[in-house]
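Trainee: Pasting a structure below so you can have a look.
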Amino acid sequence: MAAKRVCLRDLVERFGGELVGDPGTEIERVATLRNAGPGDLSFLANPKYRGELAATRASAVVLSASERDSCTLPRIVARDPYLFFAKVLALLNPPERPAPGIHPTAVVEVEARVDAEATVGAHCFVGRGATLGPGAVVGAGSYIGAQAAIGADSRLAPRVTVNAQCIVGARAIIHSGVVIGADGFGFAREGERWFKIPQIGRVVIGDDVEIGANTTIDRGALDDTVIEDDVKLDNQIQVGHNCRIGAHTAIAGCVGIAGSTSIGRNCMIGGAAMISGHLVIADGVVISGGTLISKSIAKPGVYTGVYPFEENRTWTRNAVWVRNLDALAERVRRLERSADRPEESL
Amino acid sequence: MAAKRVCLRDLVERFGGELVGDPGTEIERVATLRNAGPGDLSFLANPKYRGELAATRASAVVLSASERDSCTLPRIVARDPYLFFAKVLALLNPPERPAPGIHPTAVVEVEARVDAEATVGAHCFVGRGATLGPGAVVGAGSYIGAQAAIGADSRLAPRVTVNAQCIVGARAIIHSGVVIGADGFGFAREGERWFKIPQIGRVVIGDDVEIGANTTIDRGALDDTVIEDDVKLDNQIQVGHNCRIGAHTAIAGCVGIAGSTSIGRNCMIGGAAMISGHLVIADGVVISGGTLISKSIAKPGVYTGVYPFEENRTWTRNAVWVRNLDALAERVRRLERSADRPEESL
Amino acid sequence: MAAKRVCLRDLVERFGGELVGDPGTEIERVATLRNAGPGDLSFLANPKYRGELAATRASAVVLSASERDSCTLPRIVARDPYLFFAKVLALLNPPERPAPGIHPTAVVEVEARVDAEATVGAHCFVGRGATLGPGAVVGAGSYIGAQAAIGADSRLAPRVTVNAQCIVGARAIIHSGVVIGADGFGFAREGERWFKIPQIGRVVIGDDVEIGANTTIDRGALDDTVIEDDVKLDNQIQVGHNCRIGAHTAIAGCVGIAGSTSIGRNCMIGGAAMISGHLVIADGVVISGGTLISKSIAKPGVYTGVYPFEENRTWTRNAVWVRNLDALAERVRRLERSADRPEESL
């Protein structure tokens with residue numbers, strides 16, 4: 001796709017690292033070891049793929065010091081090959097920036113302030129009092145509610161919803177189907193019926209946040225739901241009302257976070273984990289995929305709660321005991337008692 | 001946001017409760033204990049937050065009889081402080097009602113019947129034979145299929161899909177990204193290939209239903225999928241074809257309900273629970289978050305099946321035994337046998 | 001809905017099976033045993049519903065040889081009653097095909113190639129260089145990115161997103177809210193911050209694929225994400241970047257598949273299962289709903305890992321032992337040691 005071309009010397013000058021082999025080796029693209037060909041730079045970050053290094057047809061590779069002599073290709077030895085590779089990839093594939101302007105099919109209410117350097121795609125709606133910063137891009141069919149604000153250089157994919165009053169910082173990347181600021185799930189019982197609690201808080205999102213496709217972040221009930229800077233959310237995540245997610249935390253797909261939970265900075269949460277409401281998770285916590293967190297976590301560490309899978313017929317045999325563990329433990333207790341006093345057991 | 005102003009006397013006249021302190025105390029807004037300031041009414045419903053009562057700067061609070069003397073502020077003693085607070089919040093924050101009419105960018109097919117008091121937003125599509133009742137609001141970019149019906153005073157957020165023939169009752173609130181009436185997941189095997197079962201049923205939704213962002217409710221295969229009155233669905237819920245969800249049942253986010261399952265009235269289902277297909281769940285059942293329900297439940301109660309989380313290294317040590325429980329139980333059995341007949345065990 | 005009418009003789013001529021009773025029996029509709037009336041064909045595929053056979057008011061039924069004499073109605077004995085029924089249903093309910101053409105509110109960039117027999121709905125966007133094959137239907141409000149391709153006779157429901165360069169084969173059915181080709185979730189750490197890995201691969205989808213509402217399939221990082229022919233995906237599934245899903249595999253709702261995992265052909269994956277990244281799942285594997293797969297699976301079979309649910313109070317008693325299994329096992333070990341050497345235990 002990219003027509004750009006760089007040589008290894010350029011790359012080392014830009015991004016550091018040690019160059020081994022011809023500094024003039026030219027790179028046009030980046031590819032996996034397996035699929036690389038001439039003109040491609042590849043990389044070895046996961047030792048799992050070392051076997052593919054010998055056979056690669058790449059023109060050059062990026063690897064770590066420990067792999068320095070694992071091949072004879074022109075190569076760059078980098079402290080973090082994956083990060084180095086990412087930077088080359090970004091250099092060769094800068095995001096396309098559409099021309100600024102408002103598409104004639106878009107509806108922009110008069111009181112909205114769309115920066116002259118912002119782009120509003122086809123069939124968008126921008127409500128009264130909404131603000132789009134310079135360089136902001138709103139993809140086709142997106143909806144920006146009244147008084148909402150999208151920061152400078154933020155890119156919204158097609159079909160994103162940002163509801164009224166919600167704030168998105170600078171340099172956000174928000175993918176299709178995301179819904180920011182729908183009502184939180186709040187009801188009071190009135191006899192048998194439910195009485196809706198109006199949700200009058202906002203969603204406030206910091207800078208450099210990425211939000212994956214079809215993720216939903218509810219507006220706060222009274223106070224705001226807050227996503228801090230550099231948070232990375234994958235697809236189909238649900239963030240309940242009044243949650244706070246700390247800076248630099250990354251959350252994989254299909255995670256659900258119930259209302260009023262606060263997650264610390266620099267956390268990593270695996271796919272399909274579920275976090276109950278009204279909890280506090282400390283900074284630096286790692287939660288394994290598929291784990292249900294039902295209590296607050298006060299110190300960093302890796303936390304897991306997953307039923308180990310096995311063949312169905314062995315699962316059946318074992319799982320029955322899960323439902324009888326208390327009884328089994330009681331039997332052990334009884335055996336211990338009789339072992340202590342063998343005369344009584346007779 | 002709200003410019004309304006009420007005094008405590010007004011509130012007690014409207015909603016009941018006992019007033020302690022100056023009846024003329026004026027309220028403009030509602031806020032949490034922590035964030036309240038002058039002019040704010042706050043409330044204490046969860047004893048967890050009692051510590052914040054002493055420090056609150058609210059002008060008045062709502063609390064229960066047992067907390068009557070926990071503070072000296074002007075206060076309303078209510079049987080259900082949360083419900084009382086919700087009513088005040090609703091009073092001060094009535095939903096905005098857009099002006100009736102059809103936005104010029106909307107496409108409304110000629111045979112559709114849009115009530116003169118309904119609102120159709122920008123870039124909406126309303127198919128032939130579809131009906132929108134008085135006061136119905138269809139948000140920007142929404143799609144209402146042929147012969148579908150939206151009841152009086154129902155509010156659809158932007159970017160909602162209601163497919164052909166589906167029925168939504170009165171006073172519904174449907175959030176962005178919701179898809180009502182996509183095809184159910186039905187295929188018959190034909191050798192190695194799949195043969196699609198046409199899905200010709202509808203989705204029929206009662207009155208006073210709320211549906212959260214990006215929730216999906218599939219149309220029935222032959223018969224209808226039915227959501228009864230006053231059901232409350234949170235975000236990212238999946239309801240399979242031919243399910244029935246009984247009145248007043250509330251379901252938290254990320255729950256999946258497989259096809260042909262019937263859930264009773266007044267149930268509460270926690271987040272990320274999963275309910276298998278072809279089951280019957282009785283009225284009044286409570287299912288804990290993250291629980292997989294694989295069998296019908298005949299009587300009310302609280303049901304749970306969650307792997308308790310712990311630090312990863314202790315999880316590893318324990319989980320290995322989950323896969324060996326049957327063997328462990330067999331060892332206990334052998335010990336019991338030898339304890340019964342010690343002479344044989346020698 | 002359907003005005004078509006067929007008699008049993010026609011059906012047997014078309015689809016095979018043995019006819020018992022009046023061959024001229026006319027059928028207008030298909031219905032479940034319970035809801036069928038005169039003019040309806042019903043079927044018995046699941047013995048669970050045999051009780052309803054006696055009471056059905058259907059004009060005729062389809063059943064298997066073993067049920068041949070379970071009723072006296074005109075009937076068709078078919079090898080696979082469910083498949084037979086599905087074919088009759090499809091015959092009586094052919095999908096509606098909208099008139100070809102581009103809706104005047106759609107935006108089609110000049111370099112796009114829309115076949116004269118394709119349909120582009122209201123408020124659609126078709127980017128430059130995109131291709132729509134003959135008979136392709138793009139529902140209202142959908143987005144087809146630059147260079148994307150939609151194969152012949154594929155039907156996209158309203159509000160579908162197919163991002164730039166992504167390929168959809170022939171005869172696909174893609175439901176509302178689906179997002180194909182959003183960026184995969186890839187970041188490299190740079191100190192405390194995240195550096196985004198550009199996602200320059202595509203999504204490539206074969207023929208005869210169905211994708212349920214609000215499902216998301218991410219584009220590859222470098223290589224493509226691949227969905228092979230005749231794959232059936234239910235609603236709210238998340239497929240990470242660089243996954244491959246083999247032909248004829250069917251996946252139920254709410255499943256998450258993390259990046260770079262390869263799933264074989266003819267697999268069946270139950271609802272809300274979760275599959276970790278970088279795994280290889282063999283052909284013909286069946287995964288139970290709610291199971292987390294954390295390791296590759298090399299041979300066909302049924303795999304399960306689900307915590308069995310029970311009443312909350314018994315769960316509480318048992319679950320505490322899950323967190324103490326290693327200690328319990330150690331107690332059993334100690335008992336065994338002392339049983340082996342009873343003199344030492346004294």
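Identifiers in this document derive from the order of the structure tokens: chains are assigned A, B, ..., residues are numbered from 1 separately in each chain, and ligands are numbered from 1 in order of occurrence.
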Using only C-alpha atoms, determine which residues lie at most 8 Å from segment 146-150 of chain B, disregarding the query and same-chain residues fewer than 6 positions distant; provide the list as a PyMOL selection string.
Mentor: chain B and resi 112+126-133+136+162-170
Trainee: Take the residues from that selection and put them in a file with all heavy atoms, as a compact mmCIF listing (two decimals), in the first residue's frame.
Mentor:
```
# COMPACT_ATOMS: atom_id res chain seq x y z
N ALA B 112 -45.99 4.60 5.15
CA ALA B 112 -45.78 4.62 6.60
C ALA B 112 -46.73 5.60 7.26
O ALA B 112 -47.13 6.60 6.65
CB ALA B 112 -44.34 5.01 6.90
N VAL B 126 -37.85 5.08 7.54
CA VAL B 126 -39.07 4.46 8.05
C VAL B 126 -39.74 3.75 6.87
O VAL B 126 -40.15 4.39 5.89
CB VAL B 126 -40.02 5.50 8.67
CG1 VAL B 126 -41.27 4.83 9.22
CG2 VAL B 126 -39.30 6.30 9.77
N GLY B 127 -39.82 2.45 6.97
CA GLY B 127 -40.26 1.63 5.84
C GLY B 127 -41.76 1.64 5.62
O GLY B 127 -42.54 2.10 6.47
N ARG B 128 -42.19 1.05 4.53
CA ARG B 128 -43.60 1.08 4.18
C ARG B 128 -44.44 0.30 5.20
O ARG B 128 -44.07 -0.76 5.64
CB ARG B 128 -43.82 0.55 2.77
CG ARG B 128 -43.53 -0.91 2.60
CD ARG B 128 -43.57 -1.26 1.12
NE ARG B 128 -42.72 -0.29 0.39
CZ ARG B 128 -42.66 -0.17 -0.92
NH1 ARG B 128 -43.42 -0.95 -1.68
NH2 ARG B 128 -41.86 0.70 -1.50
N GLY B 129 -45.52 0.93 5.55
CA GLY B 129 -46.43 0.27 6.48
C GLY B 129 -46.00 0.39 7.93
O GLY B 129 -46.70 -0.09 8.83
N ALA B 130 -44.88 1.01 8.20
CA ALA B 130 -44.47 1.18 9.59
C ALA B 130 -45.34 2.23 10.27
O ALA B 130 -45.89 3.12 9.60
CB ALA B 130 -43.00 1.59 9.67
N THR B 131 -45.47 2.13 11.59
CA THR B 131 -46.33 3.03 12.35
C THR B 131 -45.55 3.64 13.50
O THR B 131 -44.93 2.91 14.28
CB THR B 131 -47.50 2.24 12.98
OG1 THR B 131 -48.11 1.46 11.95
CG2 THR B 131 -48.52 3.18 13.59
N LEU B 132 -45.62 4.96 13.64
CA LEU B 132 -45.05 5.62 14.81
C LEU B 132 -46.18 6.31 15.56
O LEU B 132 -46.88 7.15 14.99
CB LEU B 132 -44.00 6.67 14.42
CG LEU B 132 -42.84 6.22 13.52
CD1 LEU B 132 -41.81 7.34 13.42
CD2 LEU B 132 -42.19 4.97 14.06
N GLY B 133 -46.33 5.97 16.83
CA GLY B 133 -47.42 6.52 17.63
C GLY B 133 -47.17 7.95 18.06
O GLY B 133 -46.07 8.49 17.89
N ALA B 136 -43.89 9.49 19.83
CA ALA B 136 -42.73 8.63 19.57
C ALA B 136 -41.60 9.48 19.00
O ALA B 136 -41.84 10.40 18.21
CB ALA B 136 -43.09 7.51 18.61
N VAL B 162 -34.86 -1.25 14.13
CA VAL B 162 -36.04 -2.08 14.42
C VAL B 162 -36.46 -2.69 13.09
O VAL B 162 -36.91 -1.98 12.19
CB VAL B 162 -37.19 -1.25 15.02
CG1 VAL B 162 -38.41 -2.13 15.28
CG2 VAL B 162 -36.74 -0.57 16.31
N ASN B 163 -36.26 -3.98 12.95
CA ASN B 163 -36.49 -4.60 11.65
C ASN B 163 -37.98 -4.83 11.36
O ASN B 163 -38.83 -4.65 12.23
CB ASN B 163 -35.69 -5.89 11.54
CG ASN B 163 -34.23 -5.61 11.21
OD1 ASN B 163 -33.92 -5.04 10.17
ND2 ASN B 163 -33.33 -5.97 12.11
N ALA B 164 -38.23 -5.21 10.13
CA ALA B 164 -39.58 -5.36 9.61
C ALA B 164 -40.49 -6.15 10.54
O ALA B 164 -40.08 -7.15 11.13
CB ALA B 164 -39.53 -6.03 8.25
N GLN B 165 -41.73 -5.71 10.66
CA GLN B 165 -42.80 -6.40 11.41
C GLN B 165 -42.65 -6.36 12.92
O GLN B 165 -43.57 -6.80 13.64
CB GLN B 165 -42.94 -7.88 10.99
CG GLN B 165 -43.66 -8.11 9.69
CD GLN B 165 -42.67 -8.44 8.59
OE1 GLN B 165 -41.63 -9.00 8.84
NE2 GLN B 165 -43.01 -8.09 7.36
N CYS B 166 -41.53 -5.91 13.44
CA CYS B 166 -41.36 -5.94 14.91
C CYS B 166 -42.19 -4.85 15.57
O CYS B 166 -42.42 -3.79 15.00
CB CYS B 166 -39.88 -5.80 15.27
SG CYS B 166 -38.93 -7.21 14.67
N ILE B 167 -42.61 -5.14 16.79
CA ILE B 167 -43.53 -4.27 17.51
C ILE B 167 -42.88 -3.78 18.81
O ILE B 167 -42.40 -4.59 19.60
CB ILE B 167 -44.80 -5.07 17.91
CG1 ILE B 167 -45.41 -5.79 16.70
CG2 ILE B 167 -45.82 -4.17 18.63
CD1 ILE B 167 -45.93 -4.87 15.64
N VAL B 168 -42.87 -2.50 19.01
CA VAL B 168 -42.40 -1.91 20.26
C VAL B 168 -43.58 -1.19 20.90
O VAL B 168 -44.24 -0.39 20.23
CB VAL B 168 -41.24 -0.93 20.01
CG1 VAL B 168 -40.83 -0.22 21.29
CG2 VAL B 168 -40.06 -1.64 19.37
N GLY B 169 -43.82 -1.46 22.18
CA GLY B 169 -44.98 -0.88 22.86
C GLY B 169 -44.79 0.59 23.20
O GLY B 169 -43.94 1.28 22.64
N ALA B 170 -45.59 1.04 24.15
CA ALA B 170 -45.57 2.45 24.54
C ALA B 170 -44.46 2.72 25.55
O ALA B 170 -44.06 1.85 26.31
CB ALA B 170 -46.92 2.83 25.13
```
Trainee: For chain C, report every residue with an atom at most 8 Å from chain B (counting only C-alpha atoms), formatted as a ChimeraX atom specification.
Mentor: /C:30-32,35,82-83,86-87,89-90,93,122-123,140-141,158-159,175-177,212-214,230,234-236,248,252-254,266,271-272,289-290,306-312,315,319-320,322-326,329,332,335-336,339-340
Trainee: Grab the atom CA of Val231 of chain B to atom CA of Pro98 of chain B distance for me, in Å with one decimal place.
Mentor: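 Going from atom CA of Val231 of chain B over to atom CA of Pro98 of chain B, I get 25.2 Å.
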Trainee: Report the residues of segment 7-238 of chain A whose backbone DSSP state falls under helix (DSSP H, G or I), written as an MDAnalysis selection string.
Mentor: chainID A and resid 8:15 47:49 51:55 65:67 81:92
Trainee: Segment 53-248 of chain A: which residues are strand (DSSP E) by DSSP, as a ChimeraX atom specification?
Mentor: /A:60-63,75-77,101-102,107-108,113-114,119-120,125-126,131-132,137-138,143-144,149-150,155-156,161-162,167-168,173-174,179-182,187-190,193-196,203-205,210-211,216-218,225-227,232-233,238-239,244-245
Trainee: Tell me, as an MDAnalysis selection string, which residues lie within 12 Å of segment 6-12 of chain A, counting only C-alpha atoms; anything in the same chain fewer than 5 positions away does not count.
Mentor: chainID A and resid 17:30 39:41 59:62 73:78 84:92
